[in-house]
Each structure stands twice: as structure tokens, then as C-alpha cells.
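K.L.:
Structure file run-v9.cif, mmCIF, C-alpha atoms, is pasted below:
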data_target
loop_
_atom_site.label_atom_id
_atom_site.label_comp_id
_atom_site.auth_asym_id
_atom_site.auth_seq_id
_atom_site.Cartn_x
_atom_site.Cartn_y
_atom_site.Cartn_z
CA MET A 1 -75.90 -22.55 11.59
CA ASN A 2 -72.23 -22.38 12.37
CA ILE A 3 -71.04 -25.98 12.38
CA TYR A 4 -67.38 -25.19 12.75
CA LYS A 5 -66.02 -26.37 16.05
CA TYR A 6 -62.78 -24.51 16.22
CA GLY A 7 -61.40 -21.03 15.95
CA ALA A 8 -63.75 -18.97 13.84
CA LYS A 9 -62.75 -16.07 16.07
CA THR A 10 -59.12 -17.14 15.83
CA ARG A 11 -59.20 -17.12 12.06
CA TYR A 12 -60.71 -13.64 11.92
CA LYS A 13 -57.96 -12.52 14.30
CA GLN A 14 -55.33 -14.02 11.98
CA MET A 15 -56.93 -12.36 8.99
CA ASP A 16 -56.99 -9.04 10.83
CA MET A 17 -53.29 -9.29 11.75
CA ALA A 18 -52.35 -10.20 8.18
CA SER A 19 -54.32 -7.26 6.82
CA ARG A 20 -52.47 -4.90 9.18
CA LEU A 21 -49.16 -6.35 8.03
CA ASP A 22 -50.32 -5.73 4.47
CA LYS A 23 -51.27 -2.11 5.17
CA SER A 24 -48.02 -1.44 6.99
CA ALA A 25 -46.01 -2.58 3.98
CA LYS A 26 -44.43 0.80 3.45
CA ASP A 27 -41.28 -0.73 4.90
CA THR A 28 -40.60 -3.71 2.69
CA ALA A 29 -37.43 -4.50 4.64
CA VAL A 30 -39.72 -6.21 7.16
CA PRO A 31 -41.89 -9.22 6.25
CA TYR A 32 -45.29 -8.15 4.93
CA TYR A 33 -48.40 -9.79 3.52
CA ASP A 34 -49.51 -9.42 -0.09
CA GLY A 35 -53.28 -9.84 0.18
CA LYS A 36 -53.79 -9.99 -3.57
CA LYS A 37 -51.45 -12.93 -4.07
CA ASN A 38 -52.00 -14.44 -0.58
CA ILE A 39 -48.27 -14.71 0.05
CA TRP A 40 -45.69 -13.35 2.45
CA CYS A 41 -42.99 -11.10 1.06
CA LEU A 42 -39.72 -9.45 1.94
CA GLY A 43 -38.01 -6.74 -0.07
CA GLU A 44 -39.14 -5.23 -3.33
CA GLY A 45 -38.37 -5.20 -7.02
CA GLU A 46 -35.76 -7.71 -8.11
CA ASP A 47 -34.85 -8.45 -4.49
CA ARG A 48 -38.40 -9.31 -3.51
CA ARG A 49 -38.76 -12.73 -1.93
CA GLU A 50 -42.14 -14.44 -1.85
CA GLU A 51 -43.17 -17.43 0.24
CA VAL A 52 -46.40 -19.19 1.13
CA TYR A 53 -45.31 -19.56 4.76
CA LEU A 54 -44.42 -16.65 7.01
CA ASP A 55 -42.07 -18.95 8.95
CA ARG A 56 -39.90 -19.24 5.86
CA ILE A 57 -39.79 -15.53 5.08
CA VAL A 58 -38.90 -14.76 8.70
CA GLN A 59 -35.95 -17.13 8.40
CA GLU A 60 -34.77 -15.13 5.38
CA PHE A 61 -35.29 -11.94 7.38
CA THR A 62 -33.21 -13.02 10.39
CA GLY A 63 -30.78 -15.44 8.81
CA PHE A 64 -31.77 -17.98 11.48
CA THR A 65 -32.72 -21.34 9.99
CA MET A 66 -35.20 -23.70 11.56
CA LYS A 67 -35.14 -27.44 10.88
CA PHE A 68 -37.76 -30.13 11.23
CA ARG A 69 -36.28 -33.54 10.59
CA TYR A 70 -37.82 -36.96 10.22
CA THR A 71 -36.87 -40.32 8.74
CA TRP A 72 -38.79 -42.00 5.98
CA ASN A 73 -37.77 -45.12 4.08
CA GLY A 74 -34.32 -44.99 5.66
CA GLN A 75 -33.71 -41.39 4.63
CA ILE A 76 -33.44 -38.32 6.80
CA VAL A 77 -35.65 -35.55 5.47
CA THR A 78 -35.24 -31.97 6.65
CA ARG A 79 -37.94 -29.32 6.31
CA ARG A 80 -37.65 -25.69 7.33
CA VAL A 81 -41.31 -25.16 8.17
CA PHE A 82 -43.52 -27.37 10.35
CA ALA A 83 -46.42 -27.02 7.91
CA GLU A 84 -44.30 -28.80 5.29
CA VAL A 85 -43.94 -31.78 7.62
CA LEU A 86 -47.73 -31.84 7.91
CA GLU A 87 -47.98 -31.83 4.12
CA ASP A 88 -45.52 -34.71 3.85
CA MET A 89 -47.49 -36.82 6.29
CA VAL A 90 -50.39 -37.19 3.89
CA ASN A 91 -48.35 -39.33 1.50
CA ARG A 92 -45.59 -40.56 3.79
CA TYR A 93 -47.75 -41.79 6.65
CA ASP A 94 -46.31 -45.27 6.21
CA GLY A 95 -42.86 -45.28 7.77
CA LEU A 96 -42.52 -41.64 8.77
CA SER A 97 -40.89 -41.18 12.17
CA ILE A 98 -39.44 -38.32 14.17
CA ASP A 99 -37.58 -40.63 16.57
CA GLY A 100 -34.17 -39.15 17.27
CA PHE A 101 -35.25 -35.65 16.20
CA GLU A 102 -37.67 -34.82 19.00
CA GLU A 103 -35.69 -31.68 19.86
CA ASP A 104 -36.83 -30.11 16.57
CA TYR A 105 -40.45 -30.23 17.73
CA ASN A 106 -42.25 -28.95 20.81
CA VAL A 107 -44.51 -31.18 22.92
CA GLN A 108 -47.67 -30.00 21.17
CA GLN A 109 -46.28 -30.65 17.70
CA ARG A 110 -45.16 -34.14 18.68
CA LYS A 111 -48.60 -34.99 20.00
CA TRP A 112 -50.27 -33.51 16.91
CA LEU A 113 -48.06 -35.54 14.56
CA GLU A 114 -48.83 -38.72 16.46
CA LEU A 115 -52.58 -38.07 16.29
CA ILE A 116 -52.42 -37.34 12.57
CA LEU A 117 -50.32 -40.40 11.74
CA ASN A 118 -52.59 -42.68 13.73
CA ARG A 119 -55.73 -41.31 12.12
CA ILE A 120 -54.41 -41.47 8.56
CA ARG A 121 -53.17 -45.03 9.08
CA MET A 122 -56.51 -46.05 10.56
CA LEU A 123 -58.47 -44.54 7.67
CA LYS A 124 -56.18 -46.04 5.04
CA THR A 125 -56.37 -49.47 6.67
CA ARG A 126 -60.14 -49.22 6.83
CA LYS A 127 -60.32 -48.20 3.16
CA GLU A 128 -58.04 -51.04 2.06
CA GLY A 129 -60.11 -53.50 4.07
CA ALA A 130 -63.31 -52.32 2.42
CA GLU A 131 -61.81 -52.62 -1.06
CA ALA A 132 -60.49 -56.17 -0.44
CA MET B 133 -61.94 -3.95 -1.05
CA ARG B 134 -64.90 -6.30 -0.90
CA ALA B 135 -63.38 -8.65 -3.45
CA GLU B 136 -60.10 -8.60 -1.55
CA LEU B 137 -61.79 -9.38 1.77
CA LYS B 138 -63.63 -12.26 0.11
CA LYS B 139 -60.33 -13.64 -1.15
CA TRP B 140 -58.73 -13.38 2.27
CA LYS B 141 -61.73 -15.08 3.86
CA ARG B 142 -61.33 -17.95 1.39
CA HIS B 143 -57.62 -18.15 2.18
CA PHE B 144 -57.94 -18.09 5.95
CA TRP B 145 -61.39 -19.57 6.38
CA GLY B 146 -62.26 -21.44 3.24
CA GLU B 147 -65.86 -22.48 3.31
CA SER B 148 -68.17 -23.54 0.60
CA ARG B 149 -70.43 -26.50 0.13
CA LYS B 150 -69.95 -26.62 -3.61
CA GLY B 151 -67.80 -29.38 -5.01
CA GLN B 152 -67.18 -31.32 -1.81
CA SER B 153 -64.97 -34.30 -2.59
CA GLY B 154 -66.07 -36.53 0.28
CA GLU B 155 -62.44 -37.43 1.00
CA SER B 156 -61.83 -38.17 4.66
CA VAL B 157 -58.03 -37.84 4.42
CA PRO B 158 -56.58 -34.36 3.88
CA HIS B 159 -55.76 -33.67 0.26
CA PHE B 160 -54.65 -30.69 -1.79
CA CYS B 161 -57.10 -29.22 -4.29
CA LYS B 162 -54.93 -27.88 -7.13
CA LYS B 163 -57.76 -25.87 -8.65
CA ALA B 164 -58.60 -23.95 -5.50
CA LYS B 165 -55.02 -24.13 -4.18
CA GLU B 166 -56.09 -25.18 -0.72
CA TRP B 167 -56.18 -28.25 1.49
CA ARG B 168 -59.50 -30.01 2.11
CA CYS B 169 -60.89 -32.84 4.21
CA MET B 170 -64.30 -34.15 5.30
CA VAL B 171 -64.53 -34.03 9.08
CA ASP B 172 -67.18 -34.62 11.74
CA GLY B 173 -69.02 -31.50 12.77
CA LEU B 174 -71.61 -30.79 15.43
CA GLU B 175 -74.67 -32.98 15.81
CA GLY B 176 -73.22 -35.73 13.65
CA ARG B 177 -73.06 -33.57 10.52
CA LYS B 178 -70.04 -33.88 8.27
CA TYR B 179 -68.54 -30.86 6.61
CA GLU B 180 -65.52 -30.17 4.46
CA ALA B 181 -62.74 -28.25 6.19
CA ARG B 182 -60.93 -26.07 3.69
CA GLY B 183 -57.91 -23.83 4.00
CA ASN B 184 -54.24 -24.07 4.84
CA ILE B 185 -52.72 -27.36 5.97
CA GLU B 186 -52.57 -26.43 9.66
CA TRP B 187 -56.25 -25.52 9.80
CA VAL B 188 -57.35 -28.67 7.97
CA MET B 189 -55.12 -30.95 10.05
CA ALA B 190 -56.45 -29.37 13.25
CA GLU B 191 -59.99 -30.12 12.15
CA PHE B 192 -58.94 -33.60 10.99
CA VAL B 193 -57.84 -34.74 14.45
CA CYS B 194 -59.69 -32.19 16.60
CA TYR B 195 -56.46 -30.92 18.04
CA ASN B 196 -54.33 -27.87 17.54
CA GLU B 197 -51.47 -26.08 19.19
CA THR B 198 -51.85 -23.18 21.60
CA TYR B 199 -49.07 -20.62 21.86
CA GLU B 200 -49.39 -17.94 24.50
CA TYR B 201 -47.40 -14.72 24.58
CA ASP B 202 -47.34 -11.28 26.17
CA VAL B 203 -47.22 -8.00 24.29
CA LYS B 204 -47.35 -5.55 27.18
CA GLU B 205 -44.58 -4.69 29.58
CA VAL B 206 -46.83 -5.50 32.52
CA PRO B 207 -49.63 -7.69 31.20
CA GLY B 208 -52.94 -7.60 33.05
CA GLU B 209 -55.38 -10.47 33.38
CA GLU B 210 -57.40 -9.16 30.46
CA ASP B 211 -54.33 -9.11 28.22
CA TRP B 212 -54.20 -12.85 27.53
CA CYS B 213 -52.75 -13.30 24.06
CA HIS B 214 -52.54 -16.54 22.21
CA GLY B 215 -52.46 -18.08 18.75
CA HIS B 216 -53.04 -21.55 17.39
CA THR B 217 -50.11 -21.59 14.99
CA PHE B 218 -46.53 -20.41 15.26
CA GLU B 219 -47.26 -18.21 12.26
CA SER B 220 -49.83 -16.25 14.27
CA VAL B 221 -47.23 -15.72 17.01
CA LEU B 222 -44.81 -14.37 14.41
CA MET B 223 -47.52 -12.06 13.05
CA ALA B 224 -48.14 -10.65 16.53
CA LEU B 225 -44.40 -10.21 17.02
CA LEU B 226 -44.06 -8.31 13.74
CA LEU B 227 -46.88 -5.99 14.81
CA MET B 228 -45.91 -5.54 18.48
CA PRO B 229 -42.21 -6.20 19.05
CA GLU B 230 -41.52 -3.70 21.84
CA HIS B 231 -42.48 -5.78 24.87
CA PHE B 232 -43.17 -9.10 23.16
CA SER B 233 -42.31 -12.03 25.41
CA VAL B 234 -42.91 -15.77 25.73
CA GLU B 235 -40.92 -16.03 28.98
CA GLU B 236 -43.91 -17.29 30.98
CA TYR B 237 -44.88 -19.82 28.33
CA LYS B 238 -41.56 -21.37 27.26
CA HIS B 239 -42.92 -24.88 27.85
CA GLN B 240 -45.23 -24.44 24.85
CA TYR B 241 -42.38 -23.72 22.44
CA SER B 242 -39.41 -25.68 21.17
CA GLN B 243 -35.90 -24.30 21.70
CA GLN B 244 -35.57 -23.29 18.06
CA GLN B 245 -38.90 -21.46 18.15
CA ILE B 246 -37.74 -19.50 21.20
CA GLU B 247 -34.47 -18.66 19.43
CA MET B 248 -36.38 -17.61 16.31
CA ILE B 249 -38.61 -15.28 18.33
CA LYS B 250 -35.55 -13.72 19.95
CA ALA B 251 -33.83 -13.28 16.58
CA VAL B 252 -36.88 -11.60 15.05
CA LYS B 253 -37.44 -9.33 18.04
CA ASP B 254 -33.76 -8.29 18.20
CA LYS B 255 -33.72 -7.49 14.49
CA LEU B 256 -36.95 -5.49 14.61
CA LEU B 257 -35.84 -3.48 17.63
CA SER B 258 -32.42 -2.84 16.07
CA MET B 259 -34.29 -1.42 13.04
CA GLY B 260 -36.17 0.91 15.40
CA LYS B 261 -39.53 -0.77 14.90
CA LYS B 262 -42.34 0.18 17.27
CA ASN B 263 -45.68 -1.43 18.02
CA THR B 264 -48.17 -1.01 15.17
CA ARG B 265 -51.69 -0.24 16.31
#
As C-alpha cells, what does this structure read like?
P.N.:
Amino acid sequence: MNIYKYGAKTRYKQMDMASRLDKSAKDTAVPYYDGKKNIWCLGEGEDRREEVYLDRIVQEFTGFTMKFRYTWNGQIVTRRVFAEVLEDMVNRYDGLSIDGFEEDYNVQQRKWLELILNRIRMLKTRKEGAEA
Amino acid sequence: MRAELKKWKRHFWGESRKGQSGESVPHFCKKAKEWRCMVDGLEGRKYEARGNIEWVMAEFVCYNETYEYDVKEVPGEEDWCHGHTFESVLMALLLMPEHFSVEEYKHQYSQQQIEMIKAVKDKLLSMGKKNTR
């Protein structure tokens, strides 16, 4: 029984697109997917750049830099990929805020971050309460 | 080919019931090099979401982004294109840059995402790239 709620079809579509970008890798001057290493690449030989996130490789490709800023413990942290902000939230849920940097995020991302922060804080509070 | 497809499936759609950690907060499994989290499934069953951070976080809070875009010059009703991550939008753009557009859906994107899409499209078209099909 398929118990997954979301996007099985979406994930196959993503996999299909990535495989086509792997097969079309005759032109390495354009970002392409290395299916064996599961990474995104640009260039070849000594000039080959490899990244986990396509967003990062595309920034190398165009020279246009994205920024996702937030404050944590009084410091401003800047990430270049939204997925890295998601990663940070797991450990920095206490005190992380994007107030003042809303322009870096779209409406959906802001809502998603709020939902994630609230849920992590709720689970952590519940866990600490149970251990006390 | 089969081994490669299996690897890609694990990367994009990690699923296995072996070695579930039971952790209800997303965490990174260094051995498998993927994110994991126990989430509520259908009919009250819990399962472990596995994969990249965006997938796991979407399952974690039952919410994800939707990014719509057009790839045809005159899109028809049946040509509705969308992705649930910005990465998937970029993938579609790399494959079909000729008439790629998010003009109708700007409200779903941030200003820097719109500028990034424009920068990628301009560069691809200046390199003479055509739609890959």
C-alpha cells in the first residue's frame, strides 16, 4: 500500500528531468547531473565544479548570487540556497528569525519556515517535558 | 542501468523500512547521506520520510511550495507545468529554455528567484540552447 501522501508522481518527474539532464551532458558548459555521484556539475576536468544543490551550480553558471539571510544569536547568517536554511533550522530552531530579511524569501517559503519552526519547537518542548 | 536507477530512486524517493530511527524531528543520516524523519501517514500509520531536506521537511509539516511555469509560447489548458521546489523549476528551465516563462505566476516567486530565472534563460539562449525533448 502506498502510504506516502505527497508527490510520488512529482518525484518521478524530478528524477526523469534529472536523468535527461544527465544524458544531455555532452555540453558540460551547462549545468548537468551526475547520476553516479548524485551531484550537479558544471564544466569538466580541472575546471569541473560539483555541488549537491542545483541552485548553487546555477549561480556559478550565471554569476548571479542569491542570498537567504536570517539572524541567530545576534548574528546575521547568509546562505546561498534555501535548502541550507532548512538544514540550519534543525539545530538553530531556538532564536532563528528572518525578520528584516523577508525580501529574500517568497510568501510560500516564509510560511513553510514558520510551520517548521513551530513544529520543531513544539516537539522539543514536549520531549523536554517528558524527560523532566 | 538498473543499479543506477535504484540509486536515483533512493536519492529522490528514499524509502526503506529497515533501520528506522523513530526520530520525529528531521535529522541527517551520515551513513546513508540523506535526511530522515518519522511522520504521520495515512490511516494513522507512521512512516519514515527519507531523502533530501526539502522532501523531508515537506512531509514533516505537510506543506510544500508550488511553483508554476509555462514552457510553450502559447500554453493550452493541458499544458499546466509546476514543481514543488525551485530546483525543479530550474531543471525544467535547463531543458526547455526557449519559451520558458513565469510571467503569470510571479506572485509565487521572490524577486531574486525571478531574476535568477531571467539570468539563466538569457545565458542559455545566448549560448544557442534549444528545448531538449
K.L.:
Name the residues that the PyMOL selection byres ((chain A and resi 118) around 12) pulls out of this structure, and write them as a list in words.
P.N.:
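Selected by the PyMOL selection byres ((chain A and resi 118) around 12) here: Met89, Val90, Tyr93, Asp94, Gly95, Leu96, Ser97, Lys111, Trp112, Leu113, Glu114, Leu115, Ile116, Leu117, Arg119, Ile120, Arg121, Met122, Leu123, Lys124 and Thr125 of chain A; Val157, Phe192 and Val193 of chain B.
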K.L.:
Considering only C-alpha atoms, can you say which of B:Cys194, B:Ile246, B:Val203, B:Met189 comes closest to Leu225 of chain B?
P.N.:
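Counting only C-alpha atoms, the residue closest to Leu225 of chain B is B:Val203.
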K.L.:
Would you pick out the contacts of Asp47 of chain A at 12 Å or less, using only C-alpha atoms, so that residues sharing its chain but fewer than 5 positions from it are not included, and give the list as a PyMOL selection string?
P.N.:
chain A and resi 28-29+41-42+60
K.L.:
Please expand the PyMOL selection byres ((chain A and resi 79) around 10) into the concrete residues it hits in this file, giving the result as a list in words.
P.N.:
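Evaluating the PyMOL selection byres ((chain A and resi 79) around 10) on these coordinates yields Met66, Lys67, Phe68, Arg69, Tyr70, Val77, Thr78, Arg80, Val81, Phe82, Ala83, Glu84, Val85 and Asp88 of chain A.
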K.L.:
I'd like the contact shell of Lys253 of chain B - 6 Å cut-off, all atoms listed in the file, skipping same-chain residues fewer than 3 positions apart - returned as a compact mmCIF listing (two decimals) with C-alpha atoms, keeping the file's coordinate frame.
P.N.:
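In the end it all went to selection-v7.txt:
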# COMPACT_ATOMS: atom_id res chain seq x y z
CA PRO B 229 -42.21 -6.20 19.05
CA LYS B 250 -35.55 -13.72 19.95
CA LEU B 256 -36.95 -5.49 14.61
K.L.:
For chain A, work out the contacting residues on chain B at 7 Å, counting only C-alpha atoms, and write them as a PDB file with C-alpha atoms, keeping the file's coordinate frame.
P.N.:
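In the end it all went to selection18.pdb:
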ATOM      1  CA  GLU B 136     -60.100  -8.600  -1.550  1.00  0.00           C
ATOM      2  CA  TRP B 140     -58.730 -13.380   2.270  1.00  0.00           C
ATOM      3  CA  PHE B 144     -57.940 -18.090   5.950  1.00  0.00           C
ATOM      4  CA  TRP B 145     -61.390 -19.570   6.380  1.00  0.00           C
ATOM      5  CA  VAL B 157     -58.030 -37.840   4.420  1.00  0.00           C
ATOM      6  CA  PRO B 158     -56.580 -34.360   3.880  1.00  0.00           C
ATOM      7  CA  GLY B 173     -69.020 -31.500  12.770  1.00  0.00           C
ATOM      8  CA  LEU B 174     -71.610 -30.790  15.430  1.00  0.00           C
ATOM      9  CA  ILE B 185     -52.720 -27.360   5.970  1.00  0.00           C
ATOM     10  CA  GLU B 186     -52.570 -26.430   9.660  1.00  0.00           C
ATOM     11  CA  VAL B 193     -57.840 -34.740  14.450  1.00  0.00           C
ATOM     12  CA  TYR B 195     -56.460 -30.920  18.040  1.00  0.00           C
ATOM     13  CA  ASN B 196     -54.330 -27.870  17.540  1.00  0.00           C
ATOM     14  CA  GLU B 197     -51.470 -26.080  19.190  1.00  0.00           C
ATOM     15  CA  GLU B 219     -47.260 -18.210  12.260  1.00  0.00           C
ATOM     16  CA  SER B 220     -49.830 -16.250  14.270  1.00  0.00           C
ATOM     17  CA  MET B 223     -47.520 -12.060  13.050  1.00  0.00           C
ATOM     18  CA  GLN B 240     -45.230 -24.440  24.850  1.00  0.00           C
ATOM     19  CA  TYR B 241     -42.380 -23.720  22.440  1.00  0.00           C
ATOM     20  CA  SER B 242     -39.410 -25.680  21.170  1.00  0.00           C
ATOM     21  CA  GLN B 244     -35.570 -23.290  18.060  1.00  0.00           C
ATOM     22  CA  MET B 248     -36.380 -17.610  16.310  1.00  0.00           C
ATOM     23  CA  ALA B 251     -33.830 -13.280  16.580  1.00  0.00           C
ATOM     24  CA  VAL B 252     -36.880 -11.600  15.050  1.00  0.00           C
ATOM     25  CA  LYS B 255     -33.720  -7.490  14.490  1.00  0.00           C
TER      26      LYS B 255
END
K.L.:
Nearest to Val221 of chain B: which of B:Trp167, B:Phe160, B:Tyr201, B:Trp187 is it, counting all atoms listed in the file?
P.N.:
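Result for the nearest residue to Val221 of chain B: B:Tyr201.
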K.L.:
Would you mind reading off the distance between atom CA of Ala181 of chain B and atom CA of Ala164 of chain B, one decimal, in Å?
P.N.:
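If I compute the distance from atom CA of Ala181 of chain B to atom CA of Ala164 of chain B, I get 13.1 Å.
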K.L.:
Separation of atom CA of Ala190 of chain B and atom CA of Arg92 of chain A, in Å?
P.N.:
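Separation between atom CA of Ala190 of chain B and atom CA of Arg92 of chain A: 18.2 Å.
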K.L.:
Using all atoms listed in the file, determine which residues lie at most 8 Å from His231 of chain B, disregarding the query and same-chain residues fewer than 4 positions distant; provide the list as a list in words.
P.N.:
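What passes the distance filter is Asp202, Val203, Lys204 and Glu205 of chain B.
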K.L.:
When you draw a straight line from atom CA of Lys127 of chain A to atom CA of Gln75 of chain A, how long is it in Å?
P.N.:
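Result for atom CA of Lys127 of chain A versus atom CA of Gln75 of chain A: 27.5 Å, one decimal.
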K.L.:
For the structure provided, state which residues fall under the PyMOL selection byres ((chain B and resi 166) around 9), and present them as a ChimeraX atom specification.
P.N.:
/B:143,146,159-165,167-168,182-185
K.L.:
Please determine, counting only C-alpha atoms, which residue among B:Gly215, B:Lys178, B:Thr264, B:Ser233 has the shortest atom-to-atom distance to Tyr199 of chain B.
P.N.:
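Using only C-alpha atoms, Tyr199 of chain B sits closest to B:Gly215.
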K.L.:
Let me make sure I understand: among A:Glu50, A:Glu128, A:Asp99, A:Asp34, which one has the smallest atom-to-atom distance to Trp72 of chain A if we use all atoms listed in the file?
P.N.:
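Of A:Glu50, A:Glu128, A:Asp99, A:Asp34, the one nearest Trp72 of chain A, counting all atoms listed in the file, is A:Asp99.
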